[in-house]
Amino acid sequence: MAQQTLEQQLDSPWDGARFARERTTGVLLGLSWSQVITLGVALGLMLPLVFTGGFPRGLFTALALGAVAAGVVVPKVMGRPLIGWAGLWLRYLVRGARDQLTFVRREDTDNGETPTEPSSPVLSPGETSTARDEAGRIKPRSGARFRLPGEANELRVYTLPGGAGFVYDPRRGEGIVCAKINTSKAFALESFDAQEDRTANWREAISAIARIPGVARVQHADQTTLISGSKVMEFYNAKGAEATGEGRPSGEAVNPFLHAAFVELMAEAQDMPVHETWMTVVLSRDKVAKRIKSLGGGLSGFMNLALSVMTTIEGTLPASGTTVQAWHSSRSLAALVRSAFDPRASVVISERSGDWVGVAPGSAGPMAMEVFTDHVRTDGYLHRTYKVSEFPQSQARLGFLESLIFAGDFRHTVSVVWVPRDARGALNHIQRRKADWRTTTRLLDKLDRPHTLEHDRELEDIDREESELVDGHARLDLAVLITVTGADEMELEANCSDVLSRAVNANCELRVVYLEQDSALLAAALPFGMVDL
């Protein structure tokens with residue numbers, strides 16, 4: 001049996017599949033445009049110094065300037081050139097001088113809308129849409145603002161027919177819908193063949209979603225959060241009543257001792273860790289302007305387009321063992337946002353029921369936020385966001401990210417973001433990368449400098465990516481962000497240590513998003529897909 005399993009794994013179509021390395025190809029000798037321009041400016045200053053300063057003073061001054069420029073521009077720290085870090089520091093200091101590193105909500109606002117259910121399926125049986133005119137066009141009600149820090153403050157949420165929330169970003173011209181998803185079976189408990197099938201179906205599903213016209217980004221996130229023990233007990237009782245109605249034994253009838261122990265445990269539990277999983281799809285208005293116009297134009301046409309995309313996604317995911325449980329409403333989206341800034345609030349939110357399920361969008365944002373170089377403080381909690389800078393270079397096992405998702409029973413969010421690219425533009429980009437690589441190789445040969453193994457293998461990554469595009473695969477840029485939360489500095493460091501140790505097991509390298517922690521938090525922990533790649 002063991003030999004058969006080994007043979008199956010050896011014959012796996014995933015053999016030899018690996019992630020590309022962090023890109024080092026530049027314009028010249030691995031240098032980026034900013035490095036080349038800075039060195040060119042330094043060279044331009046060196047020549048006048050030589051002629052005006054004379055020999056040897058002018059020459060030595062020019063050589064000293066060149067050495068300083070090379071020492072500042074050429075080296076890279078954590079994958080970024082020093083000149084790039086200098087630009088980030090300058091931007092950070094300017095933001096601090098403009099008081100943009102702190103946020104305080106000065107007013108308590110409510111959207112005034114009637115509270116809706118936290119989630120509502122798009123295709124609910126017997127749905128009667130009251131939010132359309134006689135011609136069938138959606139009549140958007142007044143939207144509610146999310147009162148978030150920075151650029152996210154412009155986000156407004158509207159209610160689609162059926163109760164789902166539609167978030168509109170007027171600054172970027174994007175529409176956002178978010179699905180609450182779940183999996184039918186535990187991936188790790190399935191056979192290797194079943195894991196292969198589910199992985200292949202998930203890949204096809206993501207490729208299909210990325211090919212939907214207008215899709216700008218797709219975010220898939222798993223958030224370890226806390227809910228009250230009473231909420232777990234409520235779910236347990238509901239399932240028990242459902243089984244009893246079908247004539248099956250449940251609860252005490254199955255095992256009275258375990259039933260009594262569970263009830264006692266839930267009565268004493270203040271909070272329980274659970275995993276909240278969602279998929280966010282961001283639609284670009286500019287990419288589908290003609291289609292929106294054909295659907296009535298304006299915000300109404302954009303919302304109609306979102307409904308059709310949501311229906312397509314509902315039919316695409318089930319083959320991978322993943323289903324859309326419901327589409328988040330404005331209040332349930334606000335609940336996700338509120339609990340991201342204040343995890344303690346998630347327990348209180350989970351106890352709400354009836355018309356008051358979730359949170360009013362106007363109350364979703366933090367009461368206060370303060371940005372530091374390597375973390376963010378919001379409402380008494382500290383958050384630090386990491387980026388996966390290097391994926392496994394050897395054969396990665398299927399489901400390797402589970403080590404990060406199940407890093408511990410503390411608040412952390414793992415977000416995977418895909419950005420679809422145009423096939424023709426992607427091929428042109430690869431050709432430019434290949435030309436840059438060949439130019440660097442010729443210069444290394446002329447300078448009689450040895451080739452590094454990393455440099456040679458980068459061509460393998462370029463050729464493999466080009467081959468996949470020629471074979472018809474969708475071009476997707478990938479980023480994984482991980483936000484870790486703690487009540488104080490000691491807890492934050494302890495939680496981060498757990499995540500970093502799990503990253504070693506997953507053969508991934510994590511890198512702190514220095515000087516951009518606020519943007520990273522909004523991108524990783526909020527269900528809006530606000531990521532720029």
# chains A, B, ... in the order shown; residues from 1 in each chain; ligands from 1
>>> select_by_dssp(residues="region 267-426 of chain A", states="strand (DSSP E)", output="PyMOL selection string")
chain A and resi 272-284+322-328+368-371+376-378+381-390+412-421
>>> write_last_selection(atoms="N, CA and C atoms", output="compact mmCIF listing (two decimals), in the first residue's frame")
# COMPACT_ATOMS: atom_id res chain seq x y z
N MET A 272 -14.53 31.32 21.50
CA MET A 272 -14.05 30.12 20.83
C MET A 272 -13.40 30.53 19.51
N PRO A 273 -12.21 29.99 19.19
CA PRO A 273 -11.58 30.31 17.91
C PRO A 273 -12.26 29.58 16.76
N VAL A 274 -12.58 30.30 15.72
CA VAL A 274 -13.16 29.73 14.50
C VAL A 274 -12.47 30.36 13.30
N HIS A 275 -12.69 29.76 12.13
CA HIS A 275 -12.09 30.28 10.90
C HIS A 275 -13.18 30.88 10.03
N GLU A 276 -13.01 32.15 9.73
CA GLU A 276 -13.92 32.88 8.84
C GLU A 276 -13.24 32.98 7.47
N THR A 277 -13.89 32.41 6.45
CA THR A 277 -13.29 32.38 5.12
C THR A 277 -14.15 33.17 4.15
N TRP A 278 -13.52 34.00 3.37
CA TRP A 278 -14.28 34.78 2.38
C TRP A 278 -13.50 34.90 1.08
N MET A 279 -14.23 35.20 0.03
CA MET A 279 -13.64 35.48 -1.28
C MET A 279 -14.19 36.81 -1.77
N THR A 280 -13.29 37.73 -2.06
CA THR A 280 -13.66 39.05 -2.55
C THR A 280 -13.32 39.16 -4.02
N VAL A 281 -14.24 39.66 -4.81
CA VAL A 281 -14.02 39.88 -6.24
C VAL A 281 -14.16 41.37 -6.51
N VAL A 282 -13.12 41.95 -7.09
CA VAL A 282 -13.09 43.38 -7.40
C VAL A 282 -13.28 43.56 -8.90
N LEU A 283 -14.26 44.36 -9.27
CA LEU A 283 -14.59 44.60 -10.67
C LEU A 283 -14.17 46.02 -11.06
N SER A 284 -13.54 46.13 -12.21
CA SER A 284 -13.10 47.43 -12.71
C SER A 284 -14.16 48.01 -13.64
N THR A 322 -15.53 23.70 -2.87
CA THR A 322 -15.78 24.99 -2.22
C THR A 322 -17.11 25.54 -2.72
N THR A 323 -17.92 26.04 -1.82
CA THR A 323 -19.22 26.57 -2.20
C THR A 323 -19.41 27.96 -1.61
N VAL A 324 -20.23 28.75 -2.30
CA VAL A 324 -20.60 30.06 -1.78
C VAL A 324 -21.76 29.85 -0.81
N GLN A 325 -21.47 29.98 0.47
CA GLN A 325 -22.51 29.82 1.47
C GLN A 325 -23.51 30.98 1.41
N ALA A 326 -23.01 32.17 1.19
CA ALA A 326 -23.85 33.36 1.08
C ALA A 326 -22.97 34.52 0.65
N TRP A 327 -23.62 35.58 0.22
CA TRP A 327 -22.90 36.82 -0.11
C TRP A 327 -23.09 37.80 1.03
N HIS A 328 -22.00 38.36 1.49
CA HIS A 328 -22.05 39.25 2.64
C HIS A 328 -22.89 40.49 2.34
N ALA A 368 -9.61 54.74 16.75
CA ALA A 368 -8.33 55.44 16.57
C ALA A 368 -7.33 54.47 15.97
N MET A 369 -6.38 54.99 15.22
CA MET A 369 -5.32 54.19 14.63
C MET A 369 -4.03 54.99 14.61
N GLU A 370 -2.95 54.32 14.97
CA GLU A 370 -1.62 54.95 14.97
C GLU A 370 -0.67 54.03 14.22
N VAL A 371 0.06 54.60 13.27
CA VAL A 371 0.92 53.83 12.38
C VAL A 371 2.37 53.96 12.82
N VAL A 376 0.87 48.45 13.55
CA VAL A 376 -0.21 49.44 13.64
C VAL A 376 -0.96 49.19 14.94
N ARG A 377 -1.36 50.27 15.60
CA ARG A 377 -2.17 50.15 16.81
C ARG A 377 -3.58 50.66 16.51
N THR A 378 -4.57 49.81 16.79
CA THR A 378 -5.97 50.20 16.60
C THR A 378 -6.79 49.71 17.78
N TYR A 381 -5.31 47.21 20.23
CA TYR A 381 -4.64 46.03 19.68
C TYR A 381 -3.51 46.44 18.75
N LEU A 382 -2.52 45.57 18.64
CA LEU A 382 -1.39 45.79 17.74
C LEU A 382 -1.48 44.79 16.60
N HIS A 383 -1.17 45.26 15.40
CA HIS A 383 -1.25 44.42 14.20
C HIS A 383 0.07 44.56 13.43
N ARG A 384 0.57 43.44 12.96
CA ARG A 384 1.77 43.45 12.10
C ARG A 384 1.48 42.60 10.87
N THR A 385 1.79 43.14 9.71
CA THR A 385 1.51 42.45 8.46
C THR A 385 2.80 42.02 7.78
N TYR A 386 2.82 40.76 7.35
CA TYR A 386 3.95 40.18 6.62
C TYR A 386 3.53 39.90 5.18
N LYS A 387 4.53 39.85 4.32
CA LYS A 387 4.33 39.41 2.95
C LYS A 387 5.18 38.18 2.70
N VAL A 388 4.62 37.20 2.02
CA VAL A 388 5.41 36.02 1.64
C VAL A 388 6.31 36.44 0.49
N SER A 389 7.59 36.62 0.78
CA SER A 389 8.53 37.10 -0.23
C SER A 389 9.10 35.96 -1.08
N GLU A 390 9.18 34.77 -0.51
CA GLU A 390 9.67 33.61 -1.25
C GLU A 390 8.78 32.41 -0.95
N HIS A 412 -5.28 36.00 13.50
CA HIS A 412 -4.41 36.24 12.36
C HIS A 412 -5.19 35.96 11.08
N THR A 413 -4.82 36.66 10.03
CA THR A 413 -5.52 36.56 8.75
C THR A 413 -4.51 36.26 7.65
N VAL A 414 -4.80 35.26 6.85
CA VAL A 414 -3.97 34.90 5.69
C VAL A 414 -4.77 35.22 4.44
N SER A 415 -4.28 36.16 3.64
CA SER A 415 -4.97 36.59 2.42
C SER A 415 -4.12 36.27 1.20
N VAL A 416 -4.75 35.58 0.25
CA VAL A 416 -4.11 35.31 -1.04
C VAL A 416 -4.80 36.16 -2.09
N VAL A 417 -4.03 36.92 -2.83
CA VAL A 417 -4.57 37.86 -3.81
C VAL A 417 -4.06 37.49 -5.19
N TRP A 418 -4.99 37.36 -6.14
CA TRP A 418 -4.64 37.13 -7.54
C TRP A 418 -5.01 38.35 -8.35
N VAL A 419 -4.11 38.76 -9.23
CA VAL A 419 -4.36 39.89 -10.13
C VAL A 419 -4.23 39.38 -11.55
N PRO A 420 -5.33 39.26 -12.30
CA PRO A 420 -5.24 38.79 -13.69
C PRO A 420 -4.60 39.84 -14.59
N ARG A 421 -3.80 39.37 -15.52
CA ARG A 421 -3.15 40.25 -16.50
C ARG A 421 -3.58 39.86 -17.91
>>> residues_around(residues="region 504-520 of chain A", least_positions_apart="3", cutoff="9 Å", atoms="only C-alpha atoms", output="short mmCIF file (atom, residue, chain, number, x, y, z; two decimals) with all heavy atoms, in the first residue's frame")
data_model
loop_
_atom_site.label_atom_id
_atom_site.label_comp_id
_atom_site.auth_asym_id
_atom_site.auth_seq_id
_atom_site.Cartn_x
_atom_site.Cartn_y
_atom_site.Cartn_z
N MET A 78 16.61 43.22 2.10
CA MET A 78 15.29 42.57 2.09
C MET A 78 14.60 42.73 0.74
O MET A 78 13.42 43.05 0.66
CB MET A 78 14.42 43.12 3.22
CG MET A 78 14.91 42.74 4.61
SD MET A 78 13.82 43.29 5.93
CE MET A 78 14.10 45.05 5.85
N LEU A 88 10.92 55.29 0.63
CA LEU A 88 9.88 54.93 1.58
C LEU A 88 10.00 55.72 2.88
O LEU A 88 8.99 56.17 3.44
CB LEU A 88 9.96 53.42 1.89
CG LEU A 88 9.28 52.47 0.91
CD1 LEU A 88 9.45 51.04 1.36
CD2 LEU A 88 7.80 52.81 0.76
N TRP A 89 11.24 55.87 3.37
CA TRP A 89 11.44 56.64 4.59
C TRP A 89 11.01 58.09 4.40
O TRP A 89 10.39 58.69 5.28
CB TRP A 89 12.92 56.59 5.01
CG TRP A 89 13.22 55.49 5.98
CD1 TRP A 89 13.94 54.35 5.76
CD2 TRP A 89 12.82 55.44 7.36
NE1 TRP A 89 14.00 53.58 6.90
CE2 TRP A 89 13.32 54.23 7.89
CE3 TRP A 89 12.08 56.29 8.18
CZ2 TRP A 89 13.11 53.86 9.22
CZ3 TRP A 89 11.86 55.92 9.50
CH2 TRP A 89 12.36 54.73 10.00
N ARG A 91 8.80 59.27 2.31
CA ARG A 91 7.33 59.32 2.28
C ARG A 91 6.75 59.15 3.67
O ARG A 91 5.78 59.83 4.04
CB ARG A 91 6.82 58.22 1.35
CG ARG A 91 5.31 58.17 1.22
CD ARG A 91 4.91 57.18 0.13
NE ARG A 91 3.46 57.05 0.03
CZ ARG A 91 2.75 56.13 0.68
NH1 ARG A 91 3.39 55.25 1.47
NH2 ARG A 91 1.45 56.08 0.55
N TYR A 92 7.33 58.26 4.47
CA TYR A 92 6.85 58.04 5.83
C TYR A 92 7.01 59.30 6.68
O TYR A 92 6.10 59.69 7.43
CB TYR A 92 7.61 56.87 6.45
CG TYR A 92 7.19 56.52 7.86
CD1 TYR A 92 6.07 55.73 8.10
CD2 TYR A 92 7.94 56.96 8.95
CE1 TYR A 92 5.69 55.40 9.39
CE2 TYR A 92 7.57 56.63 10.25
CZ TYR A 92 6.45 55.85 10.46
OH TYR A 92 6.08 55.53 11.74
N LEU A 101 -0.25 59.82 9.99
CA LEU A 101 0.04 58.52 10.60
C LEU A 101 -0.87 58.23 11.78
O LEU A 101 -0.70 57.22 12.46
CB LEU A 101 1.51 58.47 11.04
CG LEU A 101 2.55 58.62 9.93
CD1 LEU A 101 3.95 58.58 10.51
CD2 LEU A 101 2.38 57.54 8.86
N PRO A 149 -9.77 54.61 7.73
CA PRO A 149 -8.62 55.50 7.59
C PRO A 149 -8.16 55.62 6.15
O PRO A 149 -8.32 54.70 5.34
CB PRO A 149 -7.55 54.81 8.45
CG PRO A 149 -8.28 53.84 9.31
CD PRO A 149 -9.48 53.42 8.53
N GLY A 150 -7.57 56.74 5.84
CA GLY A 150 -6.92 56.94 4.55
C GLY A 150 -7.86 56.87 3.37
O GLY A 150 -9.02 57.31 3.41
N MET A 369 -6.38 54.99 15.22
CA MET A 369 -5.32 54.19 14.63
C MET A 369 -4.03 54.99 14.61
O MET A 369 -4.04 56.17 14.27
CB MET A 369 -5.67 53.74 13.21
CG MET A 369 -4.65 52.78 12.61
SD MET A 369 -5.15 52.09 11.01
CE MET A 369 -4.69 53.43 9.92
N GLU A 370 -2.95 54.32 14.97
CA GLU A 370 -1.62 54.95 14.97
C GLU A 370 -0.67 54.03 14.22
O GLU A 370 -0.60 52.83 14.50
CB GLU A 370 -1.14 55.17 16.40
CG GLU A 370 0.12 56.01 16.49
CD GLU A 370 0.49 56.34 17.94
OE1 GLU A 370 -0.20 55.85 18.86
OE2 GLU A 370 1.47 57.08 18.14
N VAL A 371 0.06 54.60 13.27
CA VAL A 371 0.92 53.83 12.38
C VAL A 371 2.37 53.96 12.82
O VAL A 371 2.88 55.08 13.02
CB VAL A 371 0.77 54.29 10.92
CG1 VAL A 371 1.62 53.43 10.00
CG2 VAL A 371 -0.69 54.27 10.50
N PHE A 372 3.05 52.82 12.98
CA PHE A 372 4.48 52.77 13.29
C PHE A 372 5.20 52.09 12.12
O PHE A 372 4.58 51.67 11.15
CB PHE A 372 4.72 52.00 14.60
CG PHE A 372 4.03 52.63 15.79
CD1 PHE A 372 2.76 52.22 16.17
CD2 PHE A 372 4.65 53.62 16.53
CE1 PHE A 372 2.12 52.78 17.26
CE2 PHE A 372 4.03 54.19 17.62
CZ PHE A 372 2.76 53.77 17.99
N THR A 373 6.51 52.01 12.22
CA THR A 373 7.28 51.47 11.10
C THR A 373 7.01 50.00 10.86
O THR A 373 7.02 49.54 9.72
CB THR A 373 8.79 51.67 11.34
OG1 THR A 373 9.16 51.05 12.59
CG2 THR A 373 9.14 53.15 11.38
N ASP A 374 6.78 49.22 11.94
CA ASP A 374 6.61 47.78 11.76
C ASP A 374 5.31 47.24 12.34
O ASP A 374 5.12 46.02 12.40
CB ASP A 374 7.80 47.02 12.37
CG ASP A 374 7.87 47.19 13.89
OD1 ASP A 374 7.21 48.11 14.42
OD2 ASP A 374 8.59 46.40 14.53
N HIS A 375 4.40 48.08 12.77
CA HIS A 375 3.11 47.62 13.24
C HIS A 375 2.12 48.79 13.29
O HIS A 375 2.50 49.95 13.10
CB HIS A 375 3.22 46.95 14.62
CG HIS A 375 3.56 47.90 15.73
ND1 HIS A 375 4.85 48.29 16.01
CD2 HIS A 375 2.77 48.55 16.64
CE1 HIS A 375 4.85 49.11 17.04
NE2 HIS A 375 3.60 49.29 17.44
N VAL A 376 0.87 48.45 13.55
CA VAL A 376 -0.21 49.44 13.64
C VAL A 376 -0.96 49.19 14.94
O VAL A 376 -1.20 48.04 15.32
CB VAL A 376 -1.17 49.32 12.43
CG1 VAL A 376 -2.38 50.22 12.61
CG2 VAL A 376 -0.45 49.67 11.15
N HIS A 383 -1.17 45.26 15.40
CA HIS A 383 -1.25 44.42 14.20
C HIS A 383 0.07 44.56 13.43
O HIS A 383 0.58 45.66 13.25
CB HIS A 383 -2.41 44.84 13.29
CG HIS A 383 -3.69 45.07 14.02
ND1 HIS A 383 -4.64 44.10 14.21
CD2 HIS A 383 -4.19 46.20 14.59
CE1 HIS A 383 -5.67 44.60 14.87
NE2 HIS A 383 -5.42 45.88 15.11
N ARG A 384 0.57 43.44 12.96
CA ARG A 384 1.77 43.45 12.10
C ARG A 384 1.48 42.60 10.87
O ARG A 384 1.00 41.46 10.99
CB ARG A 384 2.98 42.89 12.84
CG ARG A 384 4.27 42.85 11.98
CD ARG A 384 5.45 42.39 12.80
NE ARG A 384 5.73 43.35 13.86
CZ ARG A 384 6.44 43.06 14.96
NH1 ARG A 384 6.91 41.83 15.14
NH2 ARG A 384 6.65 44.00 15.86
N THR A 385 1.79 43.14 9.71
CA THR A 385 1.51 42.45 8.46
C THR A 385 2.80 42.02 7.78
O THR A 385 3.75 42.80 7.67
CB THR A 385 0.70 43.36 7.51
OG1 THR A 385 -0.52 43.74 8.16
CG2 THR A 385 0.36 42.63 6.22
N TYR A 386 2.82 40.76 7.35
CA TYR A 386 3.95 40.18 6.62
C TYR A 386 3.53 39.90 5.18
O TYR A 386 2.34 39.73 4.88
CB TYR A 386 4.38 38.85 7.24
CG TYR A 386 4.96 38.94 8.63
CD1 TYR A 386 4.14 38.89 9.75
CD2 TYR A 386 6.33 39.04 8.84
CE1 TYR A 386 4.66 38.96 11.02
CE2 TYR A 386 6.86 39.09 10.11
CZ TYR A 386 6.02 39.06 11.20
OH TYR A 386 6.54 39.12 12.47
N LYS A 387 4.53 39.85 4.32
CA LYS A 387 4.33 39.41 2.95
C LYS A 387 5.18 38.18 2.70
O LYS A 387 6.34 38.12 3.15
CB LYS A 387 4.73 40.52 1.96
CG LYS A 387 4.60 40.11 0.51
CD LYS A 387 5.09 41.20 -0.44
CE LYS A 387 4.98 40.74 -1.88
NZ LYS A 387 5.46 41.79 -2.83
N VAL A 388 4.62 37.20 2.02
CA VAL A 388 5.41 36.02 1.64
C VAL A 388 6.31 36.44 0.49
O VAL A 388 5.84 36.62 -0.64
CB VAL A 388 4.51 34.84 1.26
CG1 VAL A 388 5.36 33.66 0.80
CG2 VAL A 388 3.63 34.43 2.43
N SER A 389 7.59 36.62 0.78
CA SER A 389 8.53 37.10 -0.23
C SER A 389 9.10 35.96 -1.08
O SER A 389 9.50 36.18 -2.22
CB SER A 389 9.67 37.88 0.43
OG SER A 389 10.34 37.07 1.37
N GLU A 390 9.18 34.77 -0.51
CA GLU A 390 9.67 33.61 -1.25
C GLU A 390 8.78 32.41 -0.95
O GLU A 390 8.55 32.08 0.21
CB GLU A 390 11.12 33.27 -0.88
CG GLU A 390 12.16 34.25 -1.41
CD GLU A 390 12.38 34.13 -2.92
OE1 GLU A 390 11.71 33.27 -3.55
OE2 GLU A 390 13.21 34.86 -3.45
N PHE A 391 8.28 31.78 -2.00
CA PHE A 391 7.50 30.55 -1.87
C PHE A 391 8.44 29.35 -1.94
O PHE A 391 9.62 29.50 -2.27
CB PHE A 391 6.44 30.48 -2.97
CG PHE A 391 5.36 31.51 -2.83
CD1 PHE A 391 5.44 32.73 -3.48
CD2 PHE A 391 4.26 31.25 -2.03
CE1 PHE A 391 4.43 33.67 -3.34
CE2 PHE A 391 3.25 32.20 -1.89
CZ PHE A 391 3.34 33.40 -2.55
N PRO A 392 7.95 28.15 -1.65
CA PRO A 392 8.84 26.97 -1.69
C PRO A 392 9.53 26.83 -3.04
O PRO A 392 8.89 26.89 -4.09
CB PRO A 392 7.88 25.81 -1.43
CG PRO A 392 6.74 26.40 -0.66
CD PRO A 392 6.59 27.80 -1.19
N GLN A 393 10.84 26.67 -3.01
CA GLN A 393 11.61 26.51 -4.23
C GLN A 393 11.72 25.05 -4.65
O GLN A 393 11.93 24.74 -5.81
CB GLN A 393 13.01 27.11 -4.06
CG GLN A 393 13.01 28.61 -3.81
CD GLN A 393 12.30 29.37 -4.91
OE1 GLN A 393 12.66 29.27 -6.07
NE2 GLN A 393 11.26 30.11 -4.54
N SER A 394 11.61 24.14 -3.70
CA SER A 394 11.58 22.73 -4.02
C SER A 394 10.14 22.31 -4.27
O SER A 394 9.23 23.14 -4.30
CB SER A 394 12.19 21.92 -2.87
OG SER A 394 11.49 22.16 -1.67
N ALA A 396 6.73 21.68 -3.58
CA ALA A 396 5.85 22.04 -2.47
C ALA A 396 4.72 21.03 -2.37
O ALA A 396 4.15 20.62 -3.38
CB ALA A 396 5.29 23.44 -2.68
N ARG A 397 4.40 20.65 -1.16
CA ARG A 397 3.29 19.72 -0.98
C ARG A 397 1.98 20.46 -1.18
O ARG A 397 1.88 21.68 -1.00
CB ARG A 397 3.33 19.09 0.42
CG ARG A 397 3.19 20.08 1.55
CD ARG A 397 3.27 19.38 2.90
NE ARG A 397 3.16 20.34 4.00
CZ ARG A 397 2.01 20.78 4.48
NH1 ARG A 397 0.87 20.35 3.97
NH2 ARG A 397 1.98 21.64 5.49
N PHE A 400 0.23 23.54 1.26
CA PHE A 400 1.31 23.92 2.16
C PHE A 400 0.99 25.16 3.00
O PHE A 400 1.56 25.37 4.06
CB PHE A 400 2.62 24.15 1.38
CG PHE A 400 2.60 25.33 0.45
CD1 PHE A 400 3.08 26.56 0.88
CD2 PHE A 400 2.12 25.22 -0.84
CE1 PHE A 400 3.07 27.66 0.03
CE2 PHE A 400 2.10 26.31 -1.69
CZ PHE A 400 2.58 27.53 -1.25
N LEU A 401 0.03 25.99 2.54
CA LEU A 401 -0.30 27.20 3.29
C LEU A 401 -1.09 26.91 4.57
O LEU A 401 -1.27 27.81 5.39
CB LEU A 401 -1.10 28.16 2.42
CG LEU A 401 -0.31 28.99 1.40
CD1 LEU A 401 -1.25 29.88 0.60
CD2 LEU A 401 0.77 29.82 2.08
N GLU A 402 -1.54 25.67 4.75
CA GLU A 402 -2.29 25.36 5.96
C GLU A 402 -1.44 25.54 7.21
O GLU A 402 -1.96 25.79 8.29
CB GLU A 402 -2.83 23.93 5.90
CG GLU A 402 -1.77 22.85 5.98
CD GLU A 402 -2.35 21.45 5.96
OE1 GLU A 402 -3.58 21.32 5.82
OE2 GLU A 402 -1.57 20.50 6.06
N SER A 403 -0.12 25.43 7.08
CA SER A 403 0.76 25.66 8.22
C SER A 403 0.63 27.08 8.73
O SER A 403 0.74 27.33 9.94
CB SER A 403 2.22 25.37 7.84
OG SER A 403 2.40 24.02 7.46
N LEU A 404 0.40 28.03 7.83
CA LEU A 404 0.22 29.43 8.23
C LEU A 404 -1.20 29.71 8.67
O LEU A 404 -1.43 30.49 9.60
CB LEU A 404 0.60 30.34 7.06
CG LEU A 404 2.05 30.24 6.58
CD1 LEU A 404 2.26 31.04 5.31
CD2 LEU A 404 3.00 30.71 7.66
N LEU A 481 -0.46 37.84 1.93
CA LEU A 481 -0.25 38.74 3.06
C LEU A 481 -0.80 38.09 4.32
O LEU A 481 -1.85 37.45 4.29
CB LEU A 481 -0.95 40.08 2.82
CG LEU A 481 -0.50 40.89 1.60
CD1 LEU A 481 -1.41 42.09 1.40
CD2 LEU A 481 0.95 41.33 1.75
N ILE A 482 -0.08 38.28 5.42
CA ILE A 482 -0.47 37.68 6.70
C ILE A 482 -0.45 38.78 7.76
O ILE A 482 0.59 39.40 7.99
CB ILE A 482 0.48 36.55 7.11
CG1 ILE A 482 0.52 35.48 6.02
CG2 ILE A 482 0.04 35.93 8.44
CD1 ILE A 482 1.61 34.45 6.23
N THR A 483 -1.59 39.01 8.39
CA THR A 483 -1.68 39.99 9.47
C THR A 483 -1.82 39.25 10.80
O THR A 483 -2.71 38.41 10.94
CB THR A 483 -2.88 40.93 9.27
OG1 THR A 483 -2.67 41.71 8.08
CG2 THR A 483 -3.04 41.87 10.45
N VAL A 499 3.95 32.31 14.00
CA VAL A 499 3.72 32.36 12.56
C VAL A 499 5.03 32.15 11.80
O VAL A 499 5.08 31.42 10.80
CB VAL A 499 3.06 33.69 12.15
CG1 VAL A 499 3.03 33.85 10.64
CG2 VAL A 499 1.65 33.77 12.72
N LEU A 500 6.11 32.77 12.26
CA LEU A 500 7.40 32.63 11.59
C LEU A 500 7.91 31.19 11.66
O LEU A 500 8.51 30.69 10.70
CB LEU A 500 8.42 33.58 12.21
CG LEU A 500 8.18 35.08 11.95
CD1 LEU A 500 9.15 35.92 12.75
CD2 LEU A 500 8.31 35.40 10.47
N SER A 501 7.68 30.52 12.79
CA SER A 501 8.10 29.12 12.89
C SER A 501 7.28 28.24 11.96
O SER A 501 7.80 27.29 11.37
CB SER A 501 7.97 28.64 14.33
OG SER A 501 6.61 28.67 14.77
N ALA A 523 -5.13 45.99 3.24
CA ALA A 523 -5.12 45.03 2.13
C ALA A 523 -5.32 43.61 2.60
O ALA A 523 -6.01 42.82 1.95
CB ALA A 523 -3.81 45.15 1.36
N ALA A 524 -4.74 43.25 3.76
CA ALA A 524 -4.74 41.86 4.19
C ALA A 524 -5.93 41.50 5.05
O ALA A 524 -6.49 40.40 4.91
CB ALA A 524 -3.44 41.56 4.96
N ALA A 525 -6.34 42.36 5.97
CA ALA A 525 -7.33 41.99 6.98
C ALA A 525 -8.74 42.45 6.65
O ALA A 525 -9.68 42.04 7.32
CB ALA A 525 -6.92 42.56 8.34
N MET A 530 -7.96 45.52 -1.43
CA MET A 530 -7.25 46.77 -1.73
C MET A 530 -5.74 46.54 -1.79
O MET A 530 -4.98 46.96 -0.94
CB MET A 530 -7.58 47.82 -0.68
CG MET A 530 -9.06 48.14 -0.57
SD MET A 530 -9.43 49.38 0.69
CE MET A 530 -8.59 50.81 -0.01
N VAL A 531 -5.30 45.84 -2.84
CA VAL A 531 -3.91 45.48 -3.00
C VAL A 531 -3.41 46.01 -4.33
O VAL A 531 -4.10 45.87 -5.35
CB VAL A 531 -3.71 43.95 -2.94
CG1 VAL A 531 -2.25 43.58 -3.11
CG2 VAL A 531 -4.23 43.39 -1.63
#
>>> atom_distance(atom1="CA of Ala97 (chain A)", atom2="CA of Asp532 (chain A)")
24.7 Å
>>> select_by_dssp(residues="region 277-399 of chain A", states="alpha helix (DSSP H)", output="PyMOL selection string")
chain A and resi 289-294+298-316+330-341+345-350
>>> atom_distance(atom1="CA of Val167 (chain A)", atom2="CA of Ser330 (chain A)")
8.2 Å
>>> residues_around(residues="Trp202 (chain A)", least_positions_apart="3", cutoff="10 Å", atoms="only C-alpha atoms", output="list in words")
Glu196, Asp197, Arg198, Thr199, Ala205, Ile206, Ser207, Ala208, Thr316, Leu317, Pro318, Ala319, Ser320, Gly321 and Thr322 of chain A
>>> atom_distance(atom1="CA of Met367 (chain A)", atom2="CA of Pro527 (chain A)")
18.9 Å
>>> residues_around(residues="Leu336 (chain A)", least_positions_apart="2", cutoff="9 Å", atoms="only C-alpha atoms", output="ChimeraX atom specification")
/A:331-334,338-340,346,358-359,364,525-527
>>> residues_around(residues="His429 (chain A)", least_positions_apart="3", cutoff="12 Å", atoms="only C-alpha atoms", output="ChimeraX atom specification")
/A:25,421-426,432-436,462,465-466,469,475
>>> closest_residue(among="A:Ala261, A:Val68, A:Leu444, A:Leu427", to="Gly472 (chain A)", atoms="only C-alpha atoms")
A:Leu427
